[in-house]
$ cat target.cif   # mmCIF, C-alpha atoms
data_entry
loop_
_atom_site.label_atom_id
_atom_site.label_comp_id
_atom_site.auth_asym_id
_atom_site.auth_seq_id
_atom_site.Cartn_x
_atom_site.Cartn_y
_atom_site.Cartn_z
CA MET A 1 0.00 0.00 0.00
CA GLU A 2 1.37 3.40 -0.95
CA TYR A 3 1.86 5.91 1.83
CA GLU A 4 -0.54 8.79 1.42
CA ASP A 5 0.69 12.38 1.63
CA ARG A 6 -2.20 14.74 2.27
CA LEU A 7 -2.25 18.43 1.45
CA THR A 8 -4.77 20.92 2.81
CA ILE A 9 -5.49 24.05 0.77
CA ALA A 10 -7.32 27.03 2.26
CA THR A 11 -9.90 28.18 -0.29
CA PRO A 12 -11.34 31.70 -0.65
CA GLU A 13 -14.63 30.30 0.65
CA GLY A 14 -13.06 29.60 4.05
CA VAL A 15 -13.31 25.82 3.56
CA ASP A 16 -10.22 23.63 3.64
CA LEU A 17 -9.80 21.50 0.52
CA GLU A 18 -7.96 18.26 1.24
CA LEU A 19 -5.98 16.62 -1.57
CA THR A 20 -4.14 13.30 -1.49
CA LEU A 21 -0.84 13.55 -3.34
CA ALA A 22 0.14 10.76 -5.72
CA GLY A 23 3.44 9.07 -4.95
CA VAL A 24 6.19 7.66 -7.15
CA GLY A 25 4.53 4.24 -7.45
CA SER A 26 1.18 5.38 -8.84
CA ARG A 27 2.82 7.97 -11.10
CA PHE A 28 5.25 5.39 -12.51
CA ALA A 29 2.42 2.92 -13.16
CA ALA A 30 0.43 5.61 -14.99
CA ALA A 31 3.50 6.57 -17.04
CA LEU A 32 4.05 2.95 -18.14
CA ILE A 33 0.50 2.76 -19.49
CA ASP A 34 0.86 6.07 -21.33
CA TYR A 35 4.21 5.05 -22.83
CA ALA A 36 2.68 1.79 -24.03
CA ILE A 37 -0.06 3.79 -25.79
CA GLN A 38 2.50 6.16 -27.29
CA LEU A 39 4.57 3.21 -28.50
CA ALA A 40 1.48 1.75 -30.18
CA ILE A 41 0.89 5.10 -31.91
CA VAL A 42 4.49 5.19 -33.15
CA ILE A 43 4.22 1.63 -34.49
CA ALA A 44 1.01 2.57 -36.29
CA LEU A 45 2.73 5.62 -37.81
CA VAL A 46 5.67 3.48 -38.95
CA LEU A 47 3.31 1.12 -40.70
CA VAL A 48 1.33 3.91 -42.34
CA LEU A 49 4.13 6.31 -43.26
CA GLY A 50 6.95 3.82 -43.62
CA LEU A 51 5.27 1.09 -45.61
CA GLY A 52 2.68 3.26 -47.34
CA PHE A 53 4.76 6.33 -48.22
CA GLY A 54 8.35 5.16 -47.84
CA LEU A 55 9.03 7.56 -44.94
CA GLY A 56 10.30 5.05 -42.40
CA PRO A 57 13.02 6.06 -39.90
CA ASP A 58 15.67 4.38 -42.11
CA ALA A 59 14.59 6.06 -45.35
CA GLY A 60 17.20 8.85 -45.28
CA GLY A 61 18.09 12.15 -43.67
CA PHE A 62 14.77 13.91 -44.28
CA ALA A 63 12.76 10.95 -43.04
CA ALA A 64 14.95 10.61 -39.94
CA ALA A 65 14.51 14.32 -39.14
CA LEU A 66 10.75 13.97 -39.68
CA TRP A 67 10.59 11.08 -37.23
CA ILE A 68 12.54 13.02 -34.61
CA VAL A 69 10.06 15.89 -34.86
CA VAL A 70 7.04 13.56 -34.82
CA SER A 71 8.39 11.64 -31.82
CA PHE A 72 9.06 14.85 -29.89
CA LEU A 73 5.59 16.23 -30.61
CA LEU A 74 4.02 12.94 -29.56
CA PHE A 75 6.15 12.79 -26.40
CA ILE A 76 5.12 16.31 -25.36
CA GLY A 77 1.76 16.80 -27.06
CA TYR A 78 0.18 13.55 -25.81
CA ASP A 79 0.22 14.65 -22.18
CA ILE A 80 -0.67 18.27 -22.92
CA ALA A 81 -3.70 17.29 -24.98
CA PHE A 82 -5.10 14.90 -22.38
CA GLU A 83 -4.32 17.11 -19.39
CA VAL A 84 -6.06 20.14 -20.91
CA LEU A 85 -8.98 18.38 -22.61
CA ALA A 86 -9.58 15.53 -20.12
CA SER A 87 -9.43 17.37 -16.78
CA GLY A 88 -5.80 16.55 -16.05
CA ARG A 89 -6.06 12.85 -16.81
CA THR A 90 -4.13 10.93 -19.42
CA PRO A 91 -5.38 7.36 -20.05
CA GLY A 92 -2.70 6.07 -17.67
CA LYS A 93 -3.66 8.53 -14.94
CA ARG A 94 -7.34 7.73 -15.41
CA MET A 95 -6.69 4.01 -14.96
CA ASN A 96 -4.64 4.67 -11.82
CA GLY A 97 -7.07 7.17 -10.31
CA THR A 98 -4.78 10.21 -10.50
CA ARG A 99 -4.92 13.59 -12.19
CA VAL A 100 -2.91 16.80 -12.59
CA VAL A 101 -4.25 19.95 -10.91
CA ARG A 102 -2.94 23.42 -10.16
CA GLU A 103 -1.57 24.11 -6.70
CA ASP A 104 -4.83 25.87 -5.76
CA GLY A 105 -6.85 22.77 -6.69
CA GLY A 106 -8.07 24.15 -10.02
CA PRO A 107 -7.76 22.39 -13.40
CA VAL A 108 -4.59 22.76 -15.45
CA THR A 109 -4.55 25.16 -18.38
CA PHE A 110 -2.61 24.93 -21.64
CA PRO A 111 0.30 27.13 -20.43
CA THR A 112 0.74 25.21 -17.16
CA SER A 113 0.53 21.84 -18.91
CA ALA A 114 2.95 22.98 -21.60
CA VAL A 115 5.53 24.07 -19.01
CA ARG A 116 5.34 20.86 -16.95
CA ASN A 117 5.59 18.64 -20.02
CA VAL A 118 8.33 20.51 -21.88
CA LEU A 119 10.44 20.29 -18.72
CA ARG A 120 9.89 16.53 -18.77
CA ILE A 121 13.07 16.58 -20.89
CA ILE A 122 14.96 17.54 -17.72
CA ASP A 123 13.04 15.17 -15.43
CA ILE A 124 13.87 12.18 -17.60
CA LEU A 125 17.66 12.77 -17.30
CA PRO A 126 20.03 10.96 -17.14
CA GLY A 127 17.59 8.12 -17.85
CA MET A 128 14.62 6.32 -16.24
CA TYR A 129 13.37 9.65 -14.84
CA LEU A 130 16.14 9.80 -12.23
CA VAL A 131 15.95 13.59 -11.85
CA GLY A 132 12.14 13.55 -11.72
CA ILE A 133 11.96 10.71 -9.21
CA SER A 134 14.56 12.36 -6.99
CA SER A 135 12.60 15.62 -7.10
CA ILE A 136 9.36 13.83 -6.16
CA LEU A 137 11.04 12.15 -3.20
CA VAL A 138 12.67 15.30 -1.77
CA SER A 139 9.96 17.91 -2.51
CA THR A 140 7.31 18.54 0.12
CA ARG A 141 4.45 18.15 -2.38
CA ASN A 142 5.73 15.19 -4.43
CA GLN A 143 6.53 17.45 -7.39
CA ARG A 144 8.98 16.77 -10.18
CA ILE A 145 10.89 19.65 -11.80
CA GLY A 146 8.11 20.27 -14.32
CA ASP A 147 5.51 20.45 -11.54
CA LEU A 148 7.60 22.89 -9.52
CA ALA A 149 8.02 25.20 -12.51
CA ALA A 150 4.37 25.02 -13.61
CA GLY A 151 2.82 25.12 -10.14
CA THR A 152 1.04 21.79 -10.56
CA LEU A 153 0.38 18.72 -8.44
CA VAL A 154 -0.48 15.12 -9.22
CA VAL A 155 -3.22 14.00 -6.84
CA ARG A 156 -5.26 10.88 -6.25
CA GLU A 157 -8.92 11.22 -7.15
CA ARG A 158 -11.56 10.78 -4.53
CA LYS A 159 -14.49 8.57 -5.45
CA VAL A 160 -17.20 11.21 -5.43
CA ALA A 161 -20.26 11.61 -7.59
CA PRO A 162 -20.66 14.73 -9.73
CA PRO A 163 -23.38 17.19 -8.78
CA PRO A 164 -26.72 15.72 -9.89
CA LEU A 165 -28.69 17.42 -12.59
CA TRP A 166 -31.50 19.29 -10.89
CA LEU A 167 -34.36 20.83 -12.78
CA PRO A 168 -36.97 22.54 -10.59
CA GLU A 169 -40.53 21.41 -11.16
CA ARG A 170 -41.92 24.16 -8.96
CA PRO A 171 -40.68 27.48 -7.52
CA ALA A 172 -37.93 27.14 -4.95
CA PRO A 173 -39.25 27.12 -1.36
CA ALA A 174 -38.87 30.21 0.76
CA MET A 175 -35.67 30.34 2.81
CA ASP A 176 -34.83 32.34 5.90
CA THR A 177 -31.19 33.39 5.57
CA SER A 178 -31.26 36.05 8.27
CA SER A 179 -29.04 34.02 10.60
CA LEU A 180 -26.15 33.94 8.14
CA GLU A 181 -23.23 36.30 8.60
CA GLN A 182 -21.80 38.38 5.78
CA VAL A 183 -18.61 36.32 5.68
CA GLU A 184 -20.69 33.15 5.17
CA LEU A 185 -22.70 34.75 2.39
CA ALA A 186 -19.46 35.92 0.79
CA ALA A 187 -18.18 32.33 0.93
CA VAL A 188 -21.29 31.10 -0.89
CA ARG A 189 -20.99 33.77 -3.57
CA SER A 190 -17.28 33.07 -3.98
CA PHE A 191 -17.89 29.36 -4.46
CA LEU A 192 -20.67 29.91 -7.00
CA ALA A 193 -18.50 32.36 -8.94
CA ARG A 194 -15.48 30.06 -9.22
CA ARG A 195 -17.03 26.57 -9.14
CA HIS A 196 -16.50 26.06 -12.88
CA GLU A 197 -12.76 26.62 -12.36
CA LEU A 198 -12.53 23.73 -9.88
CA THR A 199 -11.99 20.07 -10.62
CA ALA A 200 -15.08 17.90 -10.25
CA ASP A 201 -14.01 16.32 -6.96
CA ALA A 202 -12.93 19.67 -5.46
CA ARG A 203 -16.23 21.21 -6.53
CA VAL A 204 -18.26 18.43 -4.91
CA GLN A 205 -16.17 18.54 -1.73
CA LEU A 206 -16.42 22.30 -1.29
CA ALA A 207 -20.17 22.35 -1.99
CA ALA A 208 -20.75 19.53 0.51
CA GLU A 209 -18.71 21.18 3.25
CA LEU A 210 -20.29 24.60 2.76
CA ALA A 211 -23.80 23.14 2.65
CA SER A 212 -23.27 20.98 5.74
CA LYS A 213 -22.21 24.04 7.73
CA LEU A 214 -25.10 26.22 6.58
CA ARG A 215 -28.09 23.84 6.46
CA PRO A 216 -28.68 23.89 10.25
CA ARG A 217 -28.73 27.71 10.10
CA ILE A 218 -31.33 28.06 7.35
CA GLY A 219 -35.06 28.14 7.87
CA GLY A 220 -37.46 26.78 5.28
CA ALA A 221 -37.73 23.62 3.20
CA THR A 222 -34.16 22.77 2.15
CA ALA A 223 -33.75 19.06 2.79
CA ASP A 224 -34.61 18.02 -0.77
CA ALA A 225 -32.02 20.23 -2.48
CA PRO A 226 -28.61 18.90 -3.58
CA ASP A 227 -25.67 20.78 -2.05
CA GLU A 228 -24.94 23.06 -5.00
CA VAL A 229 -28.61 23.84 -5.56
CA PHE A 230 -28.96 24.62 -1.86
CA LEU A 231 -26.14 27.16 -2.13
CA GLU A 232 -27.70 28.65 -5.25
CA ARG A 233 -30.97 29.07 -3.34
CA ILE A 234 -29.17 30.94 -0.58
CA ALA A 235 -27.72 33.37 -3.10
CA VAL A 236 -31.09 33.88 -4.78
CA ALA A 237 -32.84 34.40 -1.45
CA ARG A 238 -30.35 37.12 -0.49
CA MET A 239 -30.72 38.78 -3.89
CA ASN A 240 -34.50 38.85 -3.42
CA LEU A 241 -34.09 40.44 0.01
CA HIS A 242 -31.88 43.18 -1.40
CA ALA A 243 -34.29 43.72 -4.29
CA ARG A 244 -37.09 44.30 -1.77
CA GLY A 245 -34.84 46.60 0.24
CA GLU A 246 -34.92 44.38 3.33
#
$ encode --input "target.cif" --output "structure tokens"
Amino acid sequence: MEYEDRLTIATPEGVDLELTLAGVGSRFAAALIDYAIQLAIVIALVLVLGLGFGLGPDAGGFAAALWIVVSFLLFIGYDIAFEVLASGRTPGKRMNGTRVVREDGGPVTFPTSAVRNVLRIIDILPGMYLVGISSILVSTRNQRIGDLAAGTLVVRERKVAPPPLWLPERPAPAMDTSSLEQVELAAVRSFLARRHELTADARVQLAAELASKLRPRIGGATADAPDEVFLERIAVARMNLHARGE
């Protein structure tokens, strides 16, 4: 069993977000899967370009240069594409239950993913990822050189369900939010404003923790509402109060 390093991030909503950092073992297992997929892609390209168009790696100087460029783009672009378009998860990371996130718990962007993956060239030195593994072992947040430069983390995913789709069949019930303090209302508004910037598990966790703290303080029928919808109702109720000048 891999030892779990846990990291707690203080969010603007005043709720601590707890992340479990991925260790060397799970990251290495994910990398092996991804390299196997990349190798299969290279073999497919050799068959298509080499046999079909005579552009195999041994076909001459131009072909060799072409294969160097293609291999580099595949080596770098594979991870960038999946991390940006698949919420920080390559196929290998998905199978191992890990993902890449920013240090604030948000999803990676193209610039951050590009930095961490271009610097993979340094992490892989002098072979078998010796620099990267050493950096993961000595850094406080299990980060390789690329992670340190890009401000990213590799974390283990929690098994949480995404927010359920909720379509109101009737007007939302009245809610008494008079007992809430301004700092609590600000936390709700902050979460609702930045929830789409969070990863799915961070979004679910923050909504659940905020809702669990506020439900006992709210009057009215709220038990049937999912956490995120409950927070939305709080914001709407306060907006209605201000609109009425109360």
$ closest_residue --input "target.cif" --among "A:Lys213, A:Arg203, A:Arg195, A:Arg144" --to "Val115 (chain A)" --atoms "only C-alpha atoms"
A:Arg144
$ atom_distance --input "target.cif" --atom1 "CA of Arg120 (chain A)" --atom2 "CA of Glu103 (chain A)"
18.3 Å
$ resolve_selection --input "target.cif" --expression "the PyMOL selection byres ((chain A and resi 70) around 12)" --output "PyMOL selection string"
chain A and resi 38+41-42+45-46+49+55-57+63-69+71-78
$ closest_residue --input "target.cif" --among "A:Val138, A:Ala44, A:Val15, A:Ala81" --to "Leu210 (chain A)" --atoms "all atoms listed in the file"
A:Val15
$ residues_around --input "target.cif" --residues "His196 (chain A)" --least-positions-apart "3" --cutoff "12 Å" --atoms "only C-alpha atoms" --output "PyMOL selection string"
chain A and resi 87+105-107+163+190-193+199-204+228
$ resolve_selection --input "target.cif" --expression "the PyMOL selection byres ((chain A and resi 189) around 12)" --output "mmCIF file with C-alpha atoms, keeping the file's coordinate frame"
data_model
loop_
_atom_site.group_PDB
_atom_site.id
_atom_site.type_symbol
_atom_site.label_atom_id
_atom_site.label_comp_id
_atom_site.auth_asym_id
_atom_site.auth_seq_id
_atom_site.Cartn_x
_atom_site.Cartn_y
_atom_site.Cartn_z
ATOM 1 C CA PRO A 12 -11.340 31.700 -0.650
ATOM 2 C CA GLU A 13 -14.630 30.300 0.650
ATOM 3 C CA GLY A 14 -13.060 29.600 4.050
ATOM 4 C CA GLN A 182 -21.800 38.380 5.780
ATOM 5 C CA VAL A 183 -18.610 36.320 5.680
ATOM 6 C CA GLU A 184 -20.690 33.150 5.170
ATOM 7 C CA LEU A 185 -22.700 34.750 2.390
ATOM 8 C CA ALA A 186 -19.460 35.920 0.790
ATOM 9 C CA ALA A 187 -18.180 32.330 0.930
ATOM 10 C CA VAL A 188 -21.290 31.100 -0.890
ATOM 11 C CA SER A 190 -17.280 33.070 -3.980
ATOM 12 C CA PHE A 191 -17.890 29.360 -4.460
ATOM 13 C CA LEU A 192 -20.670 29.910 -7.000
ATOM 14 C CA ALA A 193 -18.500 32.360 -8.940
ATOM 15 C CA ARG A 194 -15.480 30.060 -9.220
ATOM 16 C CA ARG A 195 -17.030 26.570 -9.140
ATOM 17 C CA ALA A 207 -20.170 22.350 -1.990
ATOM 18 C CA LEU A 210 -20.290 24.600 2.760
ATOM 19 C CA GLU A 228 -24.940 23.060 -5.000
ATOM 20 C CA LEU A 231 -26.140 27.160 -2.130
ATOM 21 C CA GLU A 232 -27.700 28.650 -5.250
ATOM 22 C CA ARG A 233 -30.970 29.070 -3.340
ATOM 23 C CA ILE A 234 -29.170 30.940 -0.580
ATOM 24 C CA ALA A 235 -27.720 33.370 -3.100
ATOM 25 C CA VAL A 236 -31.090 33.880 -4.780
ATOM 26 C CA ARG A 238 -30.350 37.120 -0.490
ATOM 27 C CA MET A 239 -30.720 38.780 -3.890
#
$ atom_distance --input "target.cif" --atom1 "CA of Gly25 (chain A)" --atom2 "CA of Gly146 (chain A)"
17.8 Å
$ closest_residue --input "target.cif" --among "A:Asp227, A:Glu157, A:Glu181, A:Asp5" --to "Gly97 (chain A)" --atoms "all atoms listed in the file"
A:Glu157
$ closest_residue --input "target.cif" --among "A:Ala211, A:Phe62, A:Arg89, A:Ala237" --to "Ala225 (chain A)" --atoms "only C-alpha atoms"
A:Ala211
$ resolve_selection --input "target.cif" --expression "the PyMOL selection byres ((chain A and resi 179) around 9)" --output "PyMOL selection string"
chain A and resi 176-178+180-181+217-219
$ atom_distance --input "target.cif" --atom1 "CA of Gly88 (chain A)" --atom2 "CA of Leu39 (chain A)"
21.0 Å
$ closest_residue --input "target.cif" --among "A:Leu7, A:Met175, A:Ile80, A:Ile145" --to "Ile121 (chain A)" --atoms "only C-alpha atoms"
A:Ile145
$ residues_around --input "target.cif" --residues "Met95 (chain A)" --least-positions-apart "3" --cutoff "9 Å" --atoms "only C-alpha atoms" --output "VMD selection string"
chain A and resid 30 33 90 to 92 98
$ residues_near_point --input "target.cif" --point "(-0.5, 16.8, -0.6)" --cutoff "7 Å" --atoms "all atoms listed in the file" --output "list in words"
Asp5, Arg6, Leu7, Thr8, Leu19, Thr20, Leu21 and Arg141 of chain A
